[in-house]
$ cat coords.cif   # mmCIF, C-alpha atoms
data_entry
loop_
_atom_site.label_atom_id
_atom_site.label_comp_id
_atom_site.auth_asym_id
_atom_site.auth_seq_id
_atom_site.Cartn_x
_atom_site.Cartn_y
_atom_site.Cartn_z
CA MET A 1 -11.07 11.96 -18.41
CA THR A 2 -7.79 12.21 -16.52
CA VAL A 3 -6.66 9.46 -14.17
CA VAL A 4 -3.83 10.62 -11.92
CA GLY A 5 -1.88 7.57 -10.79
CA ALA A 6 -0.69 4.74 -13.05
CA SER A 7 -1.27 2.12 -10.38
CA LEU A 8 -3.63 -0.78 -9.86
CA ALA A 9 -6.29 1.74 -8.77
CA GLY A 10 -5.56 3.89 -11.82
CA LEU A 11 -5.73 0.95 -14.21
CA THR A 12 -8.96 -0.24 -12.59
CA ALA A 13 -10.42 3.24 -13.10
CA VAL A 14 -9.54 3.15 -16.81
CA ARG A 15 -11.10 -0.30 -17.18
CA SER A 16 -14.24 0.89 -15.40
CA LEU A 17 -14.54 3.99 -17.59
CA ARG A 18 -14.55 1.84 -20.71
CA ARG A 19 -16.78 -0.83 -19.21
CA HIS A 20 -19.40 1.76 -18.27
CA GLY A 21 -19.50 3.19 -21.78
CA PHE A 22 -17.13 6.14 -21.73
CA ASP A 23 -15.67 6.39 -25.23
CA GLY A 24 -13.85 9.70 -24.93
CA ARG A 25 -10.18 10.50 -24.38
CA ILE A 26 -8.52 9.05 -21.28
CA THR A 27 -5.13 10.32 -20.12
CA VAL A 28 -3.31 8.44 -17.37
CA VAL A 29 -0.62 10.37 -15.50
CA GLY A 30 2.00 8.43 -13.54
CA ALA A 31 4.94 9.56 -11.44
CA GLU A 32 6.73 6.27 -12.08
CA ARG A 33 8.21 5.33 -15.45
CA HIS A 34 6.51 1.93 -15.40
CA ARG A 35 3.09 0.84 -16.64
CA PRO A 36 0.83 -0.53 -13.85
CA TYR A 37 2.36 -3.52 -12.08
CA ASP A 38 1.54 -5.78 -9.15
CA ARG A 39 3.07 -4.56 -5.89
CA PRO A 40 2.58 -7.49 -3.45
CA PRO A 41 5.38 -9.59 -5.05
CA LEU A 42 7.93 -6.79 -4.54
CA SER A 43 8.67 -7.78 -0.95
CA LYS A 44 8.65 -11.48 -1.74
CA ASP A 45 9.36 -12.99 -5.17
CA VAL A 46 11.15 -9.90 -6.53
CA LEU A 47 13.54 -9.71 -3.57
CA LEU A 48 14.14 -13.44 -3.84
CA GLY A 49 14.86 -13.22 -7.57
CA LYS A 50 11.89 -15.43 -8.44
CA ALA A 51 9.96 -12.83 -10.45
CA ALA A 52 11.01 -10.67 -13.39
CA VAL A 53 9.54 -7.30 -14.31
CA ALA A 54 7.41 -8.91 -17.03
CA ASP A 55 5.80 -11.19 -14.43
CA LEU A 56 4.36 -8.18 -12.59
CA ALA A 57 2.48 -6.60 -15.51
CA LEU A 58 -1.21 -6.01 -14.79
CA HIS A 59 -2.30 -5.77 -18.42
CA ASP A 60 -1.04 -6.86 -21.82
CA ASP A 61 -0.79 -5.34 -25.29
CA GLU A 62 -4.22 -6.61 -26.31
CA GLU A 63 -5.94 -4.90 -23.39
CA GLU A 64 -3.78 -1.83 -23.97
CA ALA A 65 -5.30 -1.48 -27.43
CA GLU A 66 -8.81 -2.00 -26.10
CA LEU A 67 -8.45 0.63 -23.39
CA ALA A 68 -7.04 3.17 -25.87
CA ALA A 69 -5.65 5.41 -23.14
CA GLU A 70 -2.72 7.81 -23.36
CA TRP A 71 -0.08 7.01 -20.75
CA VAL A 72 2.05 9.92 -19.55
CA LEU A 73 4.65 8.25 -17.35
CA GLY A 74 7.55 9.56 -15.31
CA ARG A 75 5.88 12.97 -14.96
CA PRO A 76 4.03 13.43 -11.66
CA ALA A 77 1.08 15.75 -11.28
CA VAL A 78 1.99 18.94 -9.42
CA ALA A 79 -1.27 20.94 -9.35
CA LEU A 80 -5.01 20.78 -10.02
CA ASP A 81 -7.12 23.68 -11.27
CA PRO A 82 -10.66 22.65 -10.22
CA ARG A 83 -12.43 25.27 -12.33
CA ARG A 84 -10.89 24.06 -15.58
CA ARG A 85 -10.32 20.50 -14.30
CA SER A 86 -6.77 20.94 -15.46
CA VAL A 87 -3.97 18.76 -14.12
CA ARG A 88 -0.53 20.35 -14.41
CA LEU A 89 2.43 18.00 -14.69
CA ALA A 90 6.09 18.39 -13.81
CA GLY A 91 7.64 20.07 -16.81
CA GLY A 92 4.63 22.32 -17.40
CA ARG A 93 2.24 20.26 -19.50
CA GLU A 94 -1.46 20.65 -18.71
CA VAL A 95 -4.13 17.99 -19.21
CA VAL A 96 -7.69 19.34 -19.31
CA SER A 97 -10.67 16.98 -19.09
CA ASP A 98 -14.29 16.62 -17.99
CA GLY A 99 -13.43 14.68 -14.85
CA VAL A 100 -10.48 13.64 -12.70
CA VAL A 101 -9.82 10.39 -10.84
CA VAL A 102 -7.24 10.82 -8.07
CA ALA A 103 -5.36 7.55 -7.56
CA THR A 104 -1.97 8.84 -6.44
CA GLY A 105 -1.52 6.25 -3.69
CA ALA A 106 1.00 6.87 -0.95
CA ALA A 107 4.74 7.16 -0.40
CA PRO A 108 6.81 5.59 2.40
CA ARG A 109 7.73 7.56 5.47
CA ARG A 110 11.47 7.97 5.93
CA LEU A 111 13.67 8.15 8.98
CA PRO A 112 14.97 11.66 9.69
CA GLY A 113 18.59 11.93 8.61
CA SER A 114 18.42 9.02 6.17
CA GLU A 115 18.13 11.12 3.02
CA GLY A 116 20.99 10.43 0.67
CA MET A 117 22.57 7.79 2.92
CA ALA A 118 23.59 4.71 0.93
CA GLY A 119 22.33 1.39 2.24
CA VAL A 120 19.04 2.81 3.57
CA HIS A 121 15.95 1.66 1.68
CA THR A 122 12.19 1.85 1.60
CA LEU A 123 10.09 -0.57 -0.44
CA ARG A 124 7.11 0.75 -2.31
CA THR A 125 8.00 0.74 -6.01
CA LEU A 126 9.57 -1.60 -8.52
CA ASP A 127 12.68 0.59 -8.61
CA ASP A 128 12.87 0.35 -4.80
CA ALA A 129 12.69 -3.45 -4.98
CA GLU A 130 15.36 -3.74 -7.66
CA ALA A 131 17.72 -1.44 -5.73
CA LEU A 132 17.22 -3.39 -2.50
CA ARG A 133 17.63 -6.75 -4.23
CA ALA A 134 20.95 -5.59 -5.68
CA GLU A 135 22.22 -4.64 -2.20
CA LEU A 136 21.06 -7.89 -0.63
CA GLY A 137 22.97 -9.81 -3.29
CA ARG A 138 26.34 -8.23 -2.43
CA GLY A 139 28.00 -10.71 -0.09
CA ARG A 140 26.08 -11.49 3.09
CA PRO A 141 24.99 -8.12 4.46
CA SER A 142 23.52 -7.76 7.95
CA VAL A 143 20.04 -6.25 7.74
CA VAL A 144 17.99 -4.17 10.16
CA VAL A 145 14.30 -3.71 9.33
CA VAL A 146 12.80 -0.69 11.11
CA GLY A 147 9.10 -1.34 11.60
CA GLY A 148 7.29 -4.60 12.28
CA SER A 149 4.40 -3.90 9.90
CA PHE A 150 3.28 -6.41 7.29
CA ILE A 151 5.73 -4.99 4.76
CA GLY A 152 8.50 -5.10 7.36
CA ALA A 153 7.70 -8.70 8.24
CA GLU A 154 7.62 -9.74 4.58
CA ILE A 155 10.99 -8.09 3.93
CA ALA A 156 12.45 -9.79 7.01
CA SER A 157 11.06 -13.11 5.78
CA SER A 158 12.67 -12.68 2.36
CA CYS A 159 15.99 -11.64 3.87
CA GLY A 160 15.89 -14.66 6.16
CA ALA A 161 15.22 -16.92 3.18
CA LEU A 162 18.37 -15.49 1.60
CA GLY A 163 20.33 -16.64 4.65
CA LEU A 164 21.01 -13.15 5.97
CA ASP A 165 21.32 -11.96 9.55
CA VAL A 166 18.16 -9.94 10.24
CA THR A 167 16.87 -7.83 13.13
CA VAL A 168 13.41 -6.25 13.17
CA VAL A 169 12.90 -3.17 15.38
CA GLU A 170 9.34 -2.25 16.36
CA ALA A 171 8.49 0.80 18.48
CA ALA A 172 5.22 -0.64 19.79
CA PRO A 173 5.12 -3.32 22.49
CA LEU A 174 3.79 -5.74 19.87
CA PRO A 175 3.75 -5.42 16.07
CA LEU A 176 0.44 -5.53 14.18
CA ALA A 177 -1.68 -5.25 17.33
CA PRO A 178 -3.76 -2.28 16.03
CA VAL A 179 -4.82 -4.40 13.05
CA LEU A 180 -5.01 -7.91 14.50
CA GLY A 181 -5.49 -7.37 18.22
CA GLY A 182 -3.06 -8.56 20.86
CA ARG A 183 -3.70 -12.30 20.78
CA MET A 184 -3.31 -12.74 17.03
CA ALA A 185 -0.46 -10.21 16.88
CA ARG A 186 1.51 -12.38 19.33
CA VAL A 187 1.03 -15.39 17.07
CA CYS A 188 2.30 -13.44 14.04
CA ALA A 189 5.20 -11.97 16.00
CA ALA A 190 6.28 -15.49 16.97
CA LEU A 191 6.84 -16.29 13.28
CA HIS A 192 10.04 -14.23 13.44
CA ALA A 193 11.50 -16.31 16.26
CA ASP A 194 10.32 -19.51 14.58
CA ASN A 195 12.57 -18.63 11.66
CA GLY A 196 15.63 -17.29 13.44
CA ILE A 197 14.83 -13.58 13.03
CA ARG A 198 15.53 -11.28 15.96
CA LEU A 199 12.53 -9.10 16.94
CA LEU A 200 13.02 -6.13 19.28
CA CYS A 201 9.78 -4.54 20.47
CA GLY A 202 9.00 -1.48 22.56
CA VAL A 203 12.11 0.43 21.54
CA GLN A 204 12.48 3.58 19.46
CA VAL A 205 15.12 4.27 16.83
CA ALA A 206 17.23 7.26 17.85
CA GLY A 207 19.03 7.53 14.52
CA LEU A 208 21.36 6.01 11.99
CA VAL A 209 25.14 5.90 12.19
CA GLY A 210 27.55 5.62 9.32
CA GLY A 211 30.56 6.98 7.56
CA GLY A 212 31.49 8.08 4.09
CA GLY A 213 27.85 8.56 3.21
CA ARG A 214 26.91 4.94 3.95
CA VAL A 215 24.93 3.47 6.83
CA ALA A 216 26.79 1.30 9.34
CA GLY A 217 24.22 0.80 12.06
CA VAL A 218 21.02 1.76 13.84
CA ARG A 219 21.20 3.55 17.19
CA LEU A 220 18.30 2.71 19.52
CA ALA A 221 16.84 5.08 22.09
CA ASP A 222 18.10 2.86 24.93
CA GLY A 223 21.67 3.32 23.71
CA ARG A 224 22.16 0.02 21.92
CA LEU A 225 23.82 0.01 18.51
CA LEU A 226 22.71 -2.53 15.93
CA PRO A 227 25.38 -3.00 13.24
CA ALA A 228 23.81 -2.95 9.77
CA ASP A 229 25.06 -3.03 6.21
CA VAL A 230 21.51 -2.52 4.96
CA VAL A 231 18.59 -0.78 6.69
CA VAL A 232 15.04 -1.11 5.39
CA VAL A 233 12.47 1.33 6.74
CA GLY A 234 8.81 0.25 6.96
CA ILE A 235 7.16 2.76 9.28
CA GLY A 236 4.04 3.62 7.34
CA VAL A 237 3.15 5.83 4.41
CA LEU A 238 2.04 9.35 3.56
CA PRO A 239 -0.88 9.71 1.11
CA GLY A 240 -0.02 11.47 -2.14
CA THR A 241 -1.99 14.68 -1.68
CA GLU A 242 0.65 17.44 -1.84
CA TRP A 243 -0.16 18.29 -5.45
CA LEU A 244 -3.76 19.08 -4.49
CA ALA A 245 -2.81 22.03 -2.25
CA GLY A 246 -4.90 25.07 -3.11
CA SER A 247 -7.27 23.11 -5.34
CA GLY A 248 -10.22 23.09 -2.97
CA VAL A 249 -10.08 19.31 -2.70
CA ARG A 250 -10.37 18.60 1.01
CA THR A 251 -7.47 16.57 2.36
CA ALA A 252 -6.78 15.25 5.85
CA GLN A 253 -4.40 12.29 5.94
CA GLY A 254 -5.72 11.47 2.49
CA VAL A 255 -8.34 12.79 0.09
CA VAL A 256 -11.55 13.05 2.09
CA CYS A 257 -14.48 11.44 0.24
CA ASP A 258 -18.10 10.54 0.80
CA PRO A 259 -19.14 6.85 0.62
CA GLY A 260 -19.22 7.18 -3.17
CA CYS A 261 -15.58 8.30 -3.42
CA ARG A 262 -16.66 11.85 -4.37
CA THR A 263 -14.42 14.67 -3.14
CA SER A 264 -15.34 18.20 -2.08
CA VAL A 265 -14.87 19.36 -5.70
CA PRO A 266 -17.47 18.34 -8.31
CA GLY A 267 -16.04 16.25 -11.12
CA VAL A 268 -13.16 14.98 -8.96
CA VAL A 269 -13.24 11.54 -7.32
CA ALA A 270 -10.58 9.52 -5.51
CA ALA A 271 -9.88 5.83 -4.98
CA GLY A 272 -7.27 3.46 -3.62
CA ASP A 273 -4.66 4.13 -0.95
CA VAL A 274 -5.03 7.92 -1.19
CA ALA A 275 -8.80 7.99 -0.58
CA ARG A 276 -10.09 8.59 2.96
CA ILE A 277 -13.65 7.33 2.71
CA GLN A 278 -16.65 7.81 4.94
CA TRP A 279 -17.69 4.15 5.01
CA PRO A 280 -21.44 3.57 5.30
CA GLY A 281 -22.45 3.10 8.91
CA ARG A 282 -18.93 3.82 10.20
CA SER A 283 -17.13 6.86 11.56
CA PRO A 284 -14.77 8.58 11.10
CA GLU A 285 -13.37 8.44 7.57
CA ARG A 286 -10.46 6.08 6.99
CA ARG A 287 -8.03 4.99 4.32
CA VAL A 288 -7.69 1.33 3.39
CA GLU A 289 -4.29 0.36 1.98
CA HIS A 290 -5.18 -3.07 0.62
CA TRP A 291 -4.76 -4.55 -2.86
CA SER A 292 -8.41 -5.65 -2.87
CA ASN A 293 -9.54 -2.10 -2.13
CA ALA A 294 -7.51 -0.69 -5.03
CA ALA A 295 -9.01 -3.36 -7.30
CA GLU A 296 -12.65 -2.68 -6.35
CA GLN A 297 -13.11 0.89 -5.14
CA PRO A 298 -12.30 2.73 -8.42
CA ASP A 299 -15.40 1.24 -10.06
CA VAL A 300 -17.58 3.03 -7.51
CA ALA A 301 -15.69 6.29 -8.07
CA VAL A 302 -16.04 6.03 -11.84
CA ARG A 303 -19.76 5.24 -11.75
CA ASN A 304 -20.43 8.34 -9.69
CA LEU A 305 -18.13 10.47 -11.82
CA LEU A 306 -19.92 9.47 -15.03
CA ALA A 307 -23.37 9.89 -13.47
CA GLY A 308 -22.57 13.24 -11.91
CA SER A 309 -24.32 12.10 -8.75
CA ALA A 310 -24.16 9.44 -6.02
CA VAL A 311 -25.39 6.23 -7.64
CA ALA A 312 -23.03 3.80 -5.86
CA GLU A 313 -21.25 3.43 -2.53
CA SER A 314 -18.04 1.68 -1.52
CA ARG A 315 -19.27 -1.20 0.63
CA HIS A 316 -16.86 -4.09 0.12
CA VAL A 317 -15.51 -5.89 3.17
CA PRO A 318 -11.84 -5.05 3.80
CA TYR A 319 -9.58 -7.99 2.96
CA PHE A 320 -5.82 -8.43 2.83
CA TRP A 321 -3.20 -11.13 2.94
CA SER A 322 0.47 -11.36 3.84
CA ASP A 323 2.97 -14.11 3.01
CA GLN A 324 5.66 -14.58 5.66
CA TYR A 325 8.04 -17.48 6.33
CA GLY A 326 6.02 -19.88 4.20
CA VAL A 327 2.78 -18.98 6.01
CA ARG A 328 -0.12 -17.05 4.48
CA ILE A 329 -2.00 -14.72 6.83
CA GLN A 330 -5.45 -13.71 5.57
CA PHE A 331 -7.76 -11.23 7.25
CA ALA A 332 -11.27 -10.06 6.33
CA GLY A 333 -13.41 -7.55 8.18
CA SER A 334 -12.48 -4.98 10.83
CA ALA A 335 -11.19 -5.74 14.31
CA ALA A 336 -11.62 -3.40 17.28
CA PRO A 337 -10.25 -3.29 20.82
CA GLY A 338 -12.29 -5.54 23.06
CA ASP A 339 -13.30 -8.03 20.36
CA GLU A 340 -13.49 -11.61 21.55
CA VAL A 341 -11.24 -13.85 19.44
CA ARG A 342 -12.42 -17.43 19.12
CA ILE A 343 -10.40 -20.21 17.47
CA GLU A 344 -12.87 -22.08 15.26
CA GLU A 345 -10.51 -24.55 13.65
CA GLY A 346 -6.89 -25.65 13.93
CA ASP A 347 -4.28 -24.60 16.48
CA PRO A 348 -2.27 -21.32 16.66
CA GLU A 349 0.71 -23.28 17.99
CA GLU A 350 0.80 -25.20 14.71
CA ARG A 351 0.51 -21.95 12.69
CA SER A 352 -2.58 -23.28 10.93
CA PHE A 353 -5.97 -22.14 12.22
CA ALA A 354 -9.08 -20.04 11.67
CA ALA A 355 -10.08 -17.35 14.16
CA VAL A 356 -13.28 -15.31 14.36
CA TYR A 357 -13.53 -11.84 15.98
CA LEU A 358 -16.80 -11.41 17.84
CA ARG A 359 -18.34 -8.12 18.97
CA GLY A 360 -21.62 -8.21 20.82
CA GLY A 361 -21.96 -11.84 19.79
CA GLU A 362 -21.64 -11.03 16.07
CA ALA A 363 -18.75 -11.97 13.81
CA ARG A 364 -16.95 -8.82 12.66
CA ALA A 365 -13.75 -10.26 11.24
CA VAL A 366 -11.99 -13.54 10.51
#

$ encode --input "coords.cif" --output "structure tokens"
Amino acid sequence: MTVVGASLAGLTAVRSLRRHGFDGRITVVGAERHRPYDRPPLSKDVLLGKAAVADLALHDDEEEAELAAEWVLGRPAVALDPRRRSVRLAGGREVVSDGVVVATGAAPRRLPGSEGMAGVHTLRTLDDAEALRAELGRGRPSVVVVGGSFIGAEIASSCGALGLDVTVVEAAPLPLAPVLGGRMARVCAALHADNGIRLLCGVQVAGLVGGGGRVAGVRLADGRLLPADVVVVGIGVLPGTEWLAGSGVRTAQGVVCDPGCRTSVPGVVAAGDVARIQWPGRSPERRVEHWSNAAEQPDVAVRNLLAGSAVAESRHVPYFWSDQYGVRIQFAGSAAPGDEVRIEEGDPEERSFAAVYLRGGEARAV
């Protein structure tokens, strides 16, 4: 078997293959040079210097021996031949197997014109985090975070904890509203002001300004210029599907799968951030970019891959968390416009409470 993606989802797929009795050869292909590591701490403990690389490891030498997989790291997949189930890697090597698990995740979107400009960062990988931490440690740089997503908020929180001057720019009238709804999004947005972070909403970024190949500021669409020594971009991700072009695997903002994570090509399944699943009882397909999804979904994909048919479906309830400014936000379920939000315990003004999202009188999220 070939697992493409040396991530949490990829590692989970390897574990599931062994747990379900597969004793053949497993090759894991990874674009990064690192073995699987935990990503949530990158925007928090890694930026704050509280976690070392070794602290992020998702498996140890003992499990490594038990899994008995070949790890081909630092060489991304560039093509898939569905007839031969051959994965071609950068450099020309081919890996042929009986089945393929696609777990290539996603890559951050970048601002146009930011390529090659020093001081402009995204945060998705361990290398990204180490590069950003190094910049934040040089003096007291002013920081502009473009995007008020969860990753943007966590980065702003870490920069604030380092005593830096931080501005968050969000194009929407309110950050996180599509996920949390307006009422809860306002509570989360207020965390920035609570902690001395400037939040600008409803304004687009027109471009970056700089000199000598280094960023010096962010130009907003309304003409304002925000001085910045460091700019961090958190405006969403693009699923890692380019290498599947021409393979027959259907892609549309991700790898399109049935509820069992099976793709349009027999013997090829997908899981994790890259998979766009038709969830049972829901429409249309959607990707779920949560740690819990990457830790659970690959088992469904592997079971169906080994069986050669649909014997399992991905049915777990979406769950995620975000640590910001000393507060942990946890969310389970799926919110929709028009949901009634009821505070069941605590007080939003005190930043400690439990809320339930009701739709048609039924709880749909908490």

$ atom_distance --input "coords.cif" --atom1 "atom CA of Ile343 of chain A" --atom2 "atom CA of Val356 of chain A"
6.5 Å

$ residues_around --input "coords.cif" --residues "Trp321 of chain A" --least-positions-apart "4" --cutoff "7 Å" --atoms "all atoms listed in the file" --output "list in words"
Arg328, Ile329, Gln330 and Phe331 of chain A

$ write_last_selection --input "coords.cif" --atoms "C-alpha atoms" --output "JSON list (two decimals), in the coordinates of the input"
[["chain", "number", "residue", "atom", "x", "y", "z"],
["A", 328, "ARG", "CA", -0.12, -17.05, 4.48],
["A", 329, "ILE", "CA", -2.00, -14.72, 6.83],
["A", 330, "GLN", "CA", -5.45, -13.71, 5.57],
["A", 331, "PHE", "CA", -7.76, -11.23, 7.25]]

$ atom_distance --input "coords.cif" --atom1 "atom CA of Arg18 of chain A" --atom2 "atom CA of Glu32 of chain A"
23.4 Å

$ resolve_selection --input "coords.cif" --expression "the PyMOL selection byres ((chain A and resi 210-219) around 6)" --output "list in words"
Met117, Ala118, Gly119, Ala206, Gly207, Leu208, Val209, Leu220, Arg224, Leu225, Leu226, Pro227, Ala228 and Asp229 of chain A

$ closest_residue --input "coords.cif" --among "A:Arg287, A:Gly272, A:Glu313, A:Val14" --to "Glu63 of chain A" --atoms "only C-alpha atoms"
A:Val14

$ atom_distance --input "coords.cif" --atom1 "atom CA of Val274 of chain A" --atom2 "atom CA of Arg250 of chain A"
12.1 Å

$ resolve_selection --input "coords.cif" --expression "the PyMOL selection byres ((chain A and resi 249) around 10)" --output "list in words"
Leu80, Pro82, Thr241, Leu244, Ala245, Gly246, Ser247, Gly248, Arg250, Thr251, Val255, Val256, Cys257, Thr263, Ser264, Val265, Pro266, Val268 and Val269 of chain A
